[in-house]
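Novice: Take this structure first; my questions come after.
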Amino acid sequence: ANPSEPVARARVLAIANQKGGVGKTTTAINLGTALGAAGRKVLVIDFDPQGNASTGLGIERADRTVTSYDVLLRDTRFDDAILSTDVPNVDLVAATVDLSAAEVELVRDERRPYRLRDAFATLTRPYDHILIDCPPSLGLLTVNALAASHAVMVPLQCEFFALEGLSLLLRTIERVRKSFNPMLQMHGVVLTMFDRRNNLSEQVATDVRSFMGDRVYDTIIPRNVRVSEAPSHGKPVLLYDFKSAGAQAYAHLAGEMLRRERNLAAA
Ligand code: ADP
Ligand code: MG
């Protein structure tokens, strides 16, 4: 299917890493919020059966009636799954635990890697950015997200095995690029939960930069307790405590991302 006009205009970014707890959801929520604050129209797609992005954007479970599961498996029109949130300029396609059945339900579907990309043809609302919050695996959901995206952003926690996990993820991205989506770009690696008092954090950051060069964002997201408190209030940290170090880092990341996209477009 040809992508519809609005999706052709939107930049679709998969936020992926097969490891859990590295900051994917936090990045999707707060990058989305910062882009919204900059006047961009943003759609966050919660693509993790845990539904943490939906919770973090203040959408109660009872309100998740039409979700990413329906878009992916029930041929529900994209527009019908879009919820508005209290975050300015940020809409959401929510997730529920139903989504965990996708892998099994799609076993016999010949277009299974393309389900999300095909579904984009039914999205008619105009967005500037679509952010897909991937689950912590390299299974079919992440493959669908990568096959439907222009670029991938990888949050990476500065810890001992970070580089090994990154190599595996890069191989998967390469495989998806070859088989399903030659347009897919590696947008960059974002170092998250960085702890300045920890020498290992510094060492891992140095190693990742020597391995990935300028594909690592200059912005580093510090470990910050306000970031971890915000989801239980159903708010992005940018709205929960704008002055916190975590919120400021995400605002900075959005600025850097927009600059990089302008440079990519000019190249
Ligand atoms: P993932 O989506 O990769 O599983 P999350 O974004 O859900 O990771 O983050 C995992 C946990 O760490 C969450 O409880 C989140 O609130 C917390 N967290 C994420 N980023 C930070 C940070 N910069 N500082 C402190 N806690 C963080
Ligand atoms: Mg998550």
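Following the order of the structure tokens, chains are lettered A, B, ..., residues in each are numbered from 1, and ligands are numbered from 1.
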Residues within 9 Å of ligand 2 should be enumerated using only C-alpha atoms and all ligand atoms and returned as a ChimeraX atom specification.
Specialist: /A:20-26,28,46-48,50-53,133-136
Novice: Could you save those same residues with C-alpha atoms as a tab-separated table (two decimals), in the first residue's frame?
Specialist:
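Saved the output as again-v6.tsv:
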```tsv
chain	number	residue	atom	x	y	z
A	20	GLY	CA	13.42	-3.25	29.11
A	21	GLY	CA	13.82	-0.36	31.51
A	22	VAL	CA	16.24	1.68	29.38
A	23	GLY	CA	13.98	4.71	28.91
A	24	LYS	CA	12.07	4.00	25.67
A	25	THR	CA	8.68	4.93	27.06
A	26	THR	CA	10.03	7.90	29.01
A	28	ALA	CA	8.55	8.66	23.69
A	46	ASP	CA	1.87	2.85	22.27
A	47	PHE	CA	3.15	-0.40	20.78
A	48	ASP	CA	3.96	-2.19	24.03
A	50	GLN	CA	2.35	-3.11	28.99
A	51	GLY	CA	0.72	0.19	27.98
A	52	ASN	CA	3.13	2.37	29.94
A	53	ALA	CA	3.10	5.20	27.41
A	133	ASP	CA	7.05	3.31	21.66
A	134	CYS	CA	8.31	-0.24	21.02
A	135	PRO	CA	8.11	-3.19	23.41
A	136	PRO	CA	11.27	-4.68	24.98
```
Novice: Determine, counting only C-alpha atoms, which protein, DNA and RNA residues have an atom within 8 Å of an atom of Met153 (chain A); residues of the same chain fewer than 3 positions away are not included. Present the result as a list of chain:residue names.
Specialist: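 In the requested form, the answer reads A:Leu13, A:Ala14, A:Ile15, A:Ala16, A:Met186, A:His187, A:Gly188, A:Val189, A:Val190.
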Novice: Store the residues picked out above in a file with C-alpha atoms, as a PDB file, in the first residue's frame.
Specialist:
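Saved the output as out_11.pdb:
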```
ATOM      1  CA  LEU A  13      10.322   7.544  14.475  1.00  0.00           C
ATOM      2  CA  ALA A  14      10.520   4.137  16.165  1.00  0.00           C
ATOM      3  CA  ILE A  15      11.930   4.302  19.692  1.00  0.00           C
ATOM      4  CA  ALA A  16      13.440   0.865  20.118  1.00  0.00           C
ATOM      5  CA  MET A 186      19.535   5.152  12.169  1.00  0.00           C
ATOM      6  CA  HIS A 187      18.572   8.416  13.783  1.00  0.00           C
ATOM      7  CA  GLY A 188      20.716   8.136  16.836  1.00  0.00           C
ATOM      8  CA  VAL A 189      21.485   6.733  20.233  1.00  0.00           C
ATOM      9  CA  VAL A 190      20.347   8.625  23.321  1.00  0.00           C
TER      10      VAL A 190
END
```
Novice: Taking only C-alpha atoms into account, which of A:Ile130, A:Val93, A:Ile221, A:Ala265 comes nearest Gly36 (chain A)?
Specialist: A:Ile130
Novice: Which residues are close to Phe242 (chain A), i.e. within 12 Å by only C-alpha atoms, leaving aside same-chain residues fewer than 3 positions away? Reply as a list in words.
Specialist: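 Once the nearby chain positions are removed, what remains is Asn30, Thr33, Ala34, Ala37, Arg226, Val227, Ala230, Lys235, Pro236, Val237, Leu238, Leu239, Ala245, Gly246, Ala247, Gln248, Ala249, Tyr250 and Ala251 of chain A.
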